[in-house]
>>> print(open('start23.cif').read())   # mmCIF, C-alpha atoms
data_structure
#
loop_
_atom_site.label_atom_id
_atom_site.label_comp_id
_atom_site.auth_asym_id
_atom_site.auth_seq_id
_atom_site.Cartn_x
_atom_site.Cartn_y
_atom_site.Cartn_z
CA MET A 1 -46.79 144.75 -159.06
CA LYS A 2 -45.65 141.11 -159.11
CA LYS A 3 -44.60 141.42 -155.48
CA ILE A 4 -48.06 142.67 -154.46
CA LEU A 5 -49.78 139.90 -156.42
CA LEU A 6 -47.52 137.24 -154.90
CA THR A 7 -48.16 138.63 -151.41
CA LEU A 8 -51.90 138.56 -152.04
CA VAL A 9 -51.80 134.95 -153.29
CA VAL A 10 -49.76 133.85 -150.26
CA ALA A 11 -52.16 135.65 -147.90
CA ILE A 12 -55.19 134.00 -149.49
CA PHE A 13 -53.51 130.58 -149.37
CA CYS A 14 -52.62 131.01 -145.69
CA SER A 15 -56.17 132.11 -144.88
CA VAL A 16 -57.66 129.08 -146.62
CA MET A 17 -55.22 126.72 -144.91
CA ALA A 18 -56.05 128.23 -141.52
CA MET A 19 -59.73 127.48 -142.12
CA ALA A 20 -58.90 123.84 -142.89
CA ASP A 21 -57.99 123.01 -139.28
CA ASP A 22 -60.28 121.04 -137.02
CA MET A 23 -62.47 123.43 -135.11
CA PRO A 24 -64.20 122.37 -131.90
CA ILE A 25 -67.97 122.41 -132.25
CA ASP A 26 -70.98 121.56 -130.13
CA TYR A 27 -72.16 117.98 -130.70
CA LYS A 28 -75.52 119.46 -131.75
CA GLU A 29 -73.85 120.66 -134.97
CA VAL A 30 -72.93 117.12 -136.06
CA PRO A 31 -75.24 115.78 -138.82
CA ALA A 32 -78.26 113.79 -137.62
CA ASN A 33 -77.08 110.59 -139.37
CA ALA A 34 -73.83 110.74 -137.43
CA LYS A 35 -75.61 111.15 -134.11
CA THR A 36 -77.89 108.20 -134.96
CA PHE A 37 -74.79 106.09 -135.72
CA VAL A 38 -73.18 107.00 -132.38
CA THR A 39 -76.37 106.20 -130.46
CA LYS A 40 -76.87 102.89 -132.28
CA TYR A 41 -73.33 101.48 -132.02
CA PHE A 42 -72.05 103.15 -128.84
CA PRO A 43 -75.16 103.44 -126.63
CA SER A 44 -73.30 103.36 -123.32
CA SER A 45 -70.60 105.85 -124.35
CA LYS A 46 -70.69 109.58 -123.89
CA VAL A 47 -69.47 112.13 -126.42
CA THR A 48 -66.52 114.05 -124.99
CA ALA A 49 -65.79 116.30 -128.00
CA ALA A 50 -66.65 117.00 -131.61
CA THR A 51 -64.80 118.84 -134.34
CA LYS A 52 -65.56 120.13 -137.80
CA ASP A 53 -62.94 120.24 -140.53
CA THR A 54 -63.67 122.32 -143.59
CA GLU A 55 -61.41 121.01 -146.32
CA PHE A 56 -59.48 123.19 -148.77
CA LEU A 57 -61.65 122.11 -151.71
CA GLY A 58 -64.92 122.67 -149.90
CA GLY A 59 -65.64 119.32 -148.26
CA THR A 60 -66.58 119.09 -144.60
CA GLU A 61 -65.71 116.31 -142.17
CA TYR A 62 -66.77 115.80 -138.59
CA THR A 63 -64.97 113.89 -135.86
CA VAL A 64 -66.65 112.65 -132.70
CA TYR A 65 -64.66 111.53 -129.65
CA LEU A 66 -66.18 109.21 -127.06
CA ASP A 67 -65.32 108.66 -123.40
CA ASN A 68 -64.13 105.10 -124.12
CA GLY A 69 -61.34 106.38 -126.39
CA THR A 70 -63.21 105.82 -129.66
CA LYS A 71 -62.77 108.31 -132.49
CA ILE A 72 -65.27 108.37 -135.37
CA ASP A 73 -64.94 110.40 -138.57
CA PHE A 74 -67.99 111.31 -140.65
CA ASN A 75 -68.41 112.98 -144.02
CA SER A 76 -70.62 116.03 -144.55
CA LYS A 77 -73.72 113.81 -144.83
CA GLY A 78 -73.03 112.10 -141.51
CA VAL A 79 -71.84 108.80 -143.01
CA TRP A 80 -68.93 107.23 -141.15
CA THR A 81 -65.59 107.11 -142.94
CA GLU A 82 -63.40 105.87 -140.09
CA VAL A 83 -63.97 104.24 -136.72
CA GLU A 84 -61.04 103.72 -134.37
CA CYS A 85 -61.66 102.02 -131.04
CA GLY A 86 -58.07 101.84 -129.80
CA VAL A 87 -57.70 98.33 -128.39
CA THR A 88 -61.36 97.31 -128.15
CA ALA A 89 -63.29 95.64 -130.95
CA ILE A 90 -65.34 97.64 -133.43
CA PRO A 91 -69.02 96.94 -132.60
CA ALA A 92 -70.76 94.26 -134.67
CA GLY A 93 -72.71 95.73 -137.53
CA ILE A 94 -70.16 98.37 -138.52
CA VAL A 95 -67.77 95.98 -140.24
CA PRO A 96 -69.20 94.35 -143.38
CA VAL A 97 -70.09 90.70 -142.71
CA LYS A 98 -67.73 89.35 -145.37
CA ILE A 99 -64.75 91.17 -143.83
CA ALA A 100 -65.73 90.17 -140.28
CA ASN A 101 -66.02 86.51 -141.34
CA TYR A 102 -62.65 86.61 -143.12
CA VAL A 103 -60.93 87.98 -140.00
CA LYS A 104 -62.73 85.51 -137.73
CA THR A 105 -61.65 82.58 -139.91
CA LYS A 106 -58.06 83.63 -140.67
CA TYR A 107 -57.14 85.51 -137.48
CA GLU A 108 -59.10 83.84 -134.70
CA GLY A 109 -58.70 85.70 -131.44
CA SER A 110 -57.92 89.04 -133.10
CA ASP A 111 -60.43 91.87 -133.10
CA ILE A 112 -60.89 94.60 -135.67
CA VAL A 113 -60.01 97.79 -133.78
CA LYS A 114 -59.97 100.27 -136.67
CA ILE A 115 -61.79 100.49 -139.99
CA ASP A 116 -61.92 103.14 -142.64
CA VAL A 117 -63.64 103.27 -145.97
CA ASP A 118 -63.19 105.42 -149.04
CA LYS A 119 -64.36 105.29 -152.64
CA THR A 120 -62.24 102.24 -153.48
CA ASP A 121 -61.67 100.08 -150.41
CA TYR A 122 -61.83 99.29 -146.72
CA GLU A 123 -58.73 99.33 -144.56
CA ILE A 124 -58.74 97.61 -141.20
CA ARG A 125 -56.34 97.18 -138.30
CA LEU A 126 -56.48 94.17 -136.02
CA SER A 127 -55.74 94.05 -132.31
CA ASN A 128 -52.52 92.19 -133.19
CA GLY A 129 -51.35 95.23 -135.21
CA LEU A 130 -51.88 93.70 -138.65
CA GLU A 131 -53.37 96.03 -141.26
CA MET A 132 -55.31 94.81 -144.31
CA LYS A 133 -57.17 96.11 -147.33
CA PHE A 134 -60.44 94.81 -148.77
CA ASN A 135 -62.38 95.98 -151.81
CA LEU A 136 -65.84 97.47 -151.40
CA ASN A 137 -67.37 94.00 -151.89
CA GLY A 138 -65.43 92.77 -148.85
CA ASP A 139 -62.92 90.69 -150.81
CA PHE A 140 -59.41 90.54 -149.34
CA ILE A 141 -56.85 92.52 -151.36
CA LYS A 142 -53.64 92.54 -149.36
CA ILE A 143 -51.87 92.94 -146.06
CA ASP A 144 -50.65 96.51 -145.68
CA ASP A 145 -47.02 97.14 -144.87
#
>>> encode(input="start23.cif", output="structure tokens")
Amino acid sequence: MKKILLTLVVAIFCSVMAMADDMPIDYKEVPANAKTFVTKYFPSSKVTAATKDTEFLGGTEYTVYLDNGTKIDFNSKGVWTEVECGVTAIPAGIVPVKIANYVKTKYEGSDIVKIDVDKTDYEIRLSNGLEMKFNLNGDFIKIDD
């Protein structure tokens, strides 16, 4: 009996984990807020792919890939959680002003090429490879190792 129960638990776990992988979707399935964000900040770029990731605990995330190499992650409501532009600068207006001003003052000549936000902080990466954390008010916390 224990063997059957263990087998059943493992099968359920494997099924749930298989569902958690990114699945290609049509861009039409991406939340409207996300599509508005893409149009506003990347008007000359074309969407090359979109994926949907249903998390183990029920959350859903979307990722949109653009023809210029940009990757944007959105939560289930279509709010961005990460923007990665490779080696080009994140468009003005995405990065909070306080963070943008800090980088401009302290690291002149470096662009912010990646930003992500969660419930506690922002993390950015500069074109020179430096990674930093800021609180949600835009105050510098530390340089990431």
>>> closest_residue(input="start23.cif", among="A:Glu84, A:Glu108, A:Asp139, A:Asp67", to="Arg125 in chain A", atoms="all atoms listed in the file")
A:Glu84
>>> resolve_selection(input="start23.cif", expression="the PyMOL selection byres ((chain A and resi 129) around 12)", output="ChimeraX atom specification")
/A:86-87,107,110-114,124-128,130-132,143-145
>>> closest_residue(input="start23.cif", among="A:Gly69, A:Pro24, A:Gly58, A:Gly138", to="Val83 in chain A", atoms="only C-alpha atoms")
A:Gly69
>>> atom_distance(input="start23.cif", atom1="CA of Thr81 in chain A", atom2="CA of Leu136 in chain A")
12.8 Å
>>> atom_distance(input="start23.cif", atom1="CA of Asp121 in chain A", atom2="CA of Asn137 in chain A")
8.5 Å
>>> atom_distance(input="start23.cif", atom1="CA of Pro96 in chain A", atom2="CA of Lys133 in chain A")
12.8 Å
>>> resolve_selection(input="start23.cif", expression="the PyMOL selection byres ((chain A and resi 52) around 10)", output="compact mmCIF listing (two decimals) with C-alpha atoms, keeping the file's coordinate frame")
# COMPACT_ATOMS: atom_id res chain seq x y z
CA ALA A 20 -58.90 123.84 -142.89
CA ASP A 21 -57.99 123.01 -139.28
CA ASP A 22 -60.28 121.04 -137.02
CA MET A 23 -62.47 123.43 -135.11
CA PRO A 24 -64.20 122.37 -131.90
CA ILE A 25 -67.97 122.41 -132.25
CA ASP A 26 -70.98 121.56 -130.13
CA TYR A 27 -72.16 117.98 -130.70
CA GLU A 29 -73.85 120.66 -134.97
CA VAL A 30 -72.93 117.12 -136.06
CA ALA A 50 -66.65 117.00 -131.61
CA THR A 51 -64.80 118.84 -134.34
CA ASP A 53 -62.94 120.24 -140.53
CA THR A 54 -63.67 122.32 -143.59
CA GLU A 55 -61.41 121.01 -146.32
CA THR A 60 -66.58 119.09 -144.60
CA GLU A 61 -65.71 116.31 -142.17
CA TYR A 62 -66.77 115.80 -138.59
CA THR A 63 -64.97 113.89 -135.86
CA VAL A 64 -66.65 112.65 -132.70
CA ASP A 73 -64.94 110.40 -138.57
CA PHE A 74 -67.99 111.31 -140.65
CA ASN A 75 -68.41 112.98 -144.02
CA SER A 76 -70.62 116.03 -144.55
>>> closest_residue(input="start23.cif", among="A:Ile94, A:Gly109, A:Ala49, A:Phe42", to="Lys28 in chain A", atoms="only C-alpha atoms")
A:Ala49
>>> resolve_selection(input="start23.cif", expression="the PyMOL selection byres ((chain A and resi 68) around 8)", output="ChimeraX atom specification")
/A:45-46,66-67,69-70,85
>>> closest_residue(input="start23.cif", among="A:Pro31, A:Trp80, A:Thr48, A:Phe140", to="Lys106 in chain A", atoms="all atoms listed in the file")
A:Phe140
>>> closest_residue(input="start23.cif", among="A:Val97, A:Val103, A:Val79, A:Ala92", to="Val117 in chain A", atoms="all atoms listed in the file")
A:Val79
>>> closest_residue(input="start23.cif", among="A:Lys104, A:Lys77, A:Lys71, A:Pro91", to="Gly59 in chain A", atoms="all atoms listed in the file")
A:Lys77
>>> build_atoms(input="start23.cif", residues="range 23-56 of chain A", atoms="N, CA and C atoms", output="PDB file, in the coordinates of the input")
ATOM      1  N   MET A  23     -61.960 122.437-136.044  1.00  0.00           N
ATOM      2  CA  MET A  23     -62.470 123.430-135.110  1.00  0.00           C
ATOM      3  C   MET A  23     -63.429 122.750-134.153  1.00  0.00           C
ATOM      4  N   PRO A  24     -63.261 122.951-132.853  1.00  0.00           N
ATOM      5  CA  PRO A  24     -64.200 122.370-131.900  1.00  0.00           C
ATOM      6  C   PRO A  24     -65.608 122.909-132.153  1.00  0.00           C
ATOM      7  N   ILE A  25     -66.579 122.013-132.074  1.00  0.00           N
ATOM      8  CA  ILE A  25     -67.970 122.410-132.250  1.00  0.00           C
ATOM      9  C   ILE A  25     -68.817 121.737-131.177  1.00  0.00           C
ATOM     10  N   ASP A  26     -70.024 122.210-131.023  1.00  0.00           N
ATOM     11  CA  ASP A  26     -70.980 121.560-130.130  1.00  0.00           C
ATOM     12  C   ASP A  26     -71.496 120.312-130.850  1.00  0.00           C
ATOM     13  N   TYR A  27     -71.683 119.243-130.119  1.00  0.00           N
ATOM     14  CA  TYR A  27     -72.160 117.980-130.700  1.00  0.00           C
ATOM     15  C   TYR A  27     -73.476 118.186-131.459  1.00  0.00           C
ATOM     16  N   LYS A  28     -74.253 119.175-131.074  1.00  0.00           N
ATOM     17  CA  LYS A  28     -75.520 119.460-131.750  1.00  0.00           C
ATOM     18  C   LYS A  28     -75.325 119.799-133.226  1.00  0.00           C
ATOM     19  N   GLU A  29     -74.142 120.272-133.584  1.00  0.00           N
ATOM     20  CA  GLU A  29     -73.850 120.660-134.970  1.00  0.00           C
ATOM     21  C   GLU A  29     -73.492 119.480-135.869  1.00  0.00           C
ATOM     22  N   VAL A  30     -73.273 118.321-135.284  1.00  0.00           N
ATOM     23  CA  VAL A  30     -72.930 117.120-136.060  1.00  0.00           C
ATOM     24  C   VAL A  30     -74.188 116.665-136.809  1.00  0.00           C
ATOM     25  N   PRO A  31     -74.051 116.220-138.064  1.00  0.00           N
ATOM     26  CA  PRO A  31     -75.240 115.780-138.820  1.00  0.00           C
ATOM     27  C   PRO A  31     -76.039 114.704-138.087  1.00  0.00           C
ATOM     28  N   ALA A  32     -77.340 114.716-138.296  1.00  0.00           N
ATOM     29  CA  ALA A  32     -78.260 113.790-137.620  1.00  0.00           C
ATOM     30  C   ALA A  32     -77.873 112.331-137.862  1.00  0.00           C
ATOM     31  N   ASN A  33     -77.478 111.971-139.077  1.00  0.00           N
ATOM     32  CA  ASN A  33     -77.080 110.590-139.370  1.00  0.00           C
ATOM     33  C   ASN A  33     -75.917 110.150-138.492  1.00  0.00           C
ATOM     34  N   ALA A  34     -74.976 111.056-138.272  1.00  0.00           N
ATOM     35  CA  ALA A  34     -73.830 110.740-137.430  1.00  0.00           C
ATOM     36  C   ALA A  34     -74.255 110.489-135.988  1.00  0.00           C
ATOM     37  N   LYS A  35     -75.137 111.330-135.495  1.00  0.00           N
ATOM     38  CA  LYS A  35     -75.610 111.150-134.110  1.00  0.00           C
ATOM     39  C   LYS A  35     -76.380 109.845-133.963  1.00  0.00           C
ATOM     40  N   THR A  36     -77.158 109.480-134.981  1.00  0.00           N
ATOM     41  CA  THR A  36     -77.890 108.200-134.960  1.00  0.00           C
ATOM     42  C   THR A  36     -76.896 107.037-134.915  1.00  0.00           C
ATOM     43  N   PHE A  37     -75.830 107.127-135.694  1.00  0.00           N
ATOM     44  CA  PHE A  37     -74.790 106.090-135.720  1.00  0.00           C
ATOM     45  C   PHE A  37     -74.159 105.926-134.332  1.00  0.00           C
ATOM     46  N   VAL A  38     -73.797 107.047-133.713  1.00  0.00           N
ATOM     47  CA  VAL A  38     -73.180 107.000-132.380  1.00  0.00           C
ATOM     48  C   VAL A  38     -74.128 106.359-131.382  1.00  0.00           C
ATOM     49  N   THR A  39     -75.382 106.749-131.387  1.00  0.00           N
ATOM     50  CA  THR A  39     -76.370 106.200-130.460  1.00  0.00           C
ATOM     51  C   THR A  39     -76.582 104.706-130.687  1.00  0.00           C
ATOM     52  N   LYS A  40     -76.617 104.292-131.948  1.00  0.00           N
ATOM     53  CA  LYS A  40     -76.870 102.890-132.280  1.00  0.00           C
ATOM     54  C   LYS A  40     -75.709 101.983-131.881  1.00  0.00           C
ATOM     55  N   TYR A  41     -74.478 102.377-132.219  1.00  0.00           N
ATOM     56  CA  TYR A  41     -73.330 101.480-132.020  1.00  0.00           C
ATOM     57  C   TYR A  41     -72.559 101.717-130.728  1.00  0.00           C
ATOM     58  N   PHE A  42     -72.761 102.846-130.091  1.00  0.00           N
ATOM     59  CA  PHE A  42     -72.050 103.150-128.840  1.00  0.00           C
ATOM     60  C   PHE A  42     -73.037 103.697-127.806  1.00  0.00           C
ATOM     61  N   PRO A  43     -74.102 102.928-127.491  1.00  0.00           N
ATOM     62  CA  PRO A  43     -75.160 103.440-126.630  1.00  0.00           C
ATOM     63  C   PRO A  43     -74.733 103.761-125.203  1.00  0.00           C
ATOM     64  N   SER A  44     -73.695 103.097-124.705  1.00  0.00           N
ATOM     65  CA  SER A  44     -73.300 103.360-123.320  1.00  0.00           C
ATOM     66  C   SER A  44     -72.143 104.354-123.220  1.00  0.00           C
ATOM     67  N   SER A  45     -71.692 104.888-124.354  1.00  0.00           N
ATOM     68  CA  SER A  45     -70.600 105.850-124.350  1.00  0.00           C
ATOM     69  C   SER A  45     -71.134 107.277-124.405  1.00  0.00           C
ATOM     70  N   LYS A  46     -70.341 108.169-123.861  1.00  0.00           N
ATOM     71  CA  LYS A  46     -70.690 109.580-123.890  1.00  0.00           C
ATOM     72  C   LYS A  46     -69.746 110.325-124.830  1.00  0.00           C
ATOM     73  N   VAL A  47     -70.284 111.298-125.541  1.00  0.00           N
ATOM     74  CA  VAL A  47     -69.470 112.130-126.420  1.00  0.00           C
ATOM     75  C   VAL A  47     -68.683 113.107-125.562  1.00  0.00           C
ATOM     76  N   THR A  48     -67.362 113.132-125.759  1.00  0.00           N
ATOM     77  CA  THR A  48     -66.520 114.050-124.990  1.00  0.00           C
ATOM     78  C   THR A  48     -66.136 115.284-125.805  1.00  0.00           C
ATOM     79  N   ALA A  49     -66.140 115.161-127.146  1.00  0.00           N
ATOM     80  CA  ALA A  49     -65.790 116.300-128.000  1.00  0.00           C
ATOM     81  C   ALA A  49     -66.232 116.021-129.423  1.00  0.00           C
ATOM     82  N   ALA A  50     -66.352 117.099-130.178  1.00  0.00           N
ATOM     83  CA  ALA A  50     -66.650 117.000-131.610  1.00  0.00           C
ATOM     84  C   ALA A  50     -65.912 118.116-132.322  1.00  0.00           C
ATOM     85  N   THR A  51     -65.479 117.824-133.539  1.00  0.00           N
ATOM     86  CA  THR A  51     -64.800 118.840-134.340  1.00  0.00           C
ATOM     87  C   THR A  51     -65.358 118.843-135.746  1.00  0.00           C
ATOM     88  N   LYS A  52     -65.151 119.960-136.402  1.00  0.00           N
ATOM     89  CA  LYS A  52     -65.560 120.130-137.800  1.00  0.00           C
ATOM     90  C   LYS A  52     -64.330 120.565-138.574  1.00  0.00           C
ATOM     91  N   ASP A  53     -64.089 119.920-139.698  1.00  0.00           N
ATOM     92  CA  ASP A  53     -62.940 120.240-140.530  1.00  0.00           C
ATOM     93  C   ASP A  53     -63.441 120.616-141.913  1.00  0.00           C
ATOM     94  N   THR A  54     -63.288 121.876-142.266  1.00  0.00           N
ATOM     95  CA  THR A  54     -63.670 122.320-143.590  1.00  0.00           C
ATOM     96  C   THR A  54     -62.446 122.197-144.480  1.00  0.00           C
ATOM     97  N   GLU A  55     -62.537 121.312-145.453  1.00  0.00           N
ATOM     98  CA  GLU A  55     -61.410 121.010-146.320  1.00  0.00           C
ATOM     99  C   GLU A  55     -61.140 122.146-147.305  1.00  0.00           C
ATOM    100  N   PHE A  56     -59.940 122.179-147.820  1.00  0.00           N
ATOM    101  CA  PHE A  56     -59.480 123.190-148.770  1.00  0.00           C
ATOM    102  C   PHE A  56     -60.375 123.265-150.001  1.00  0.00           C
TER     103      PHE A  56
END
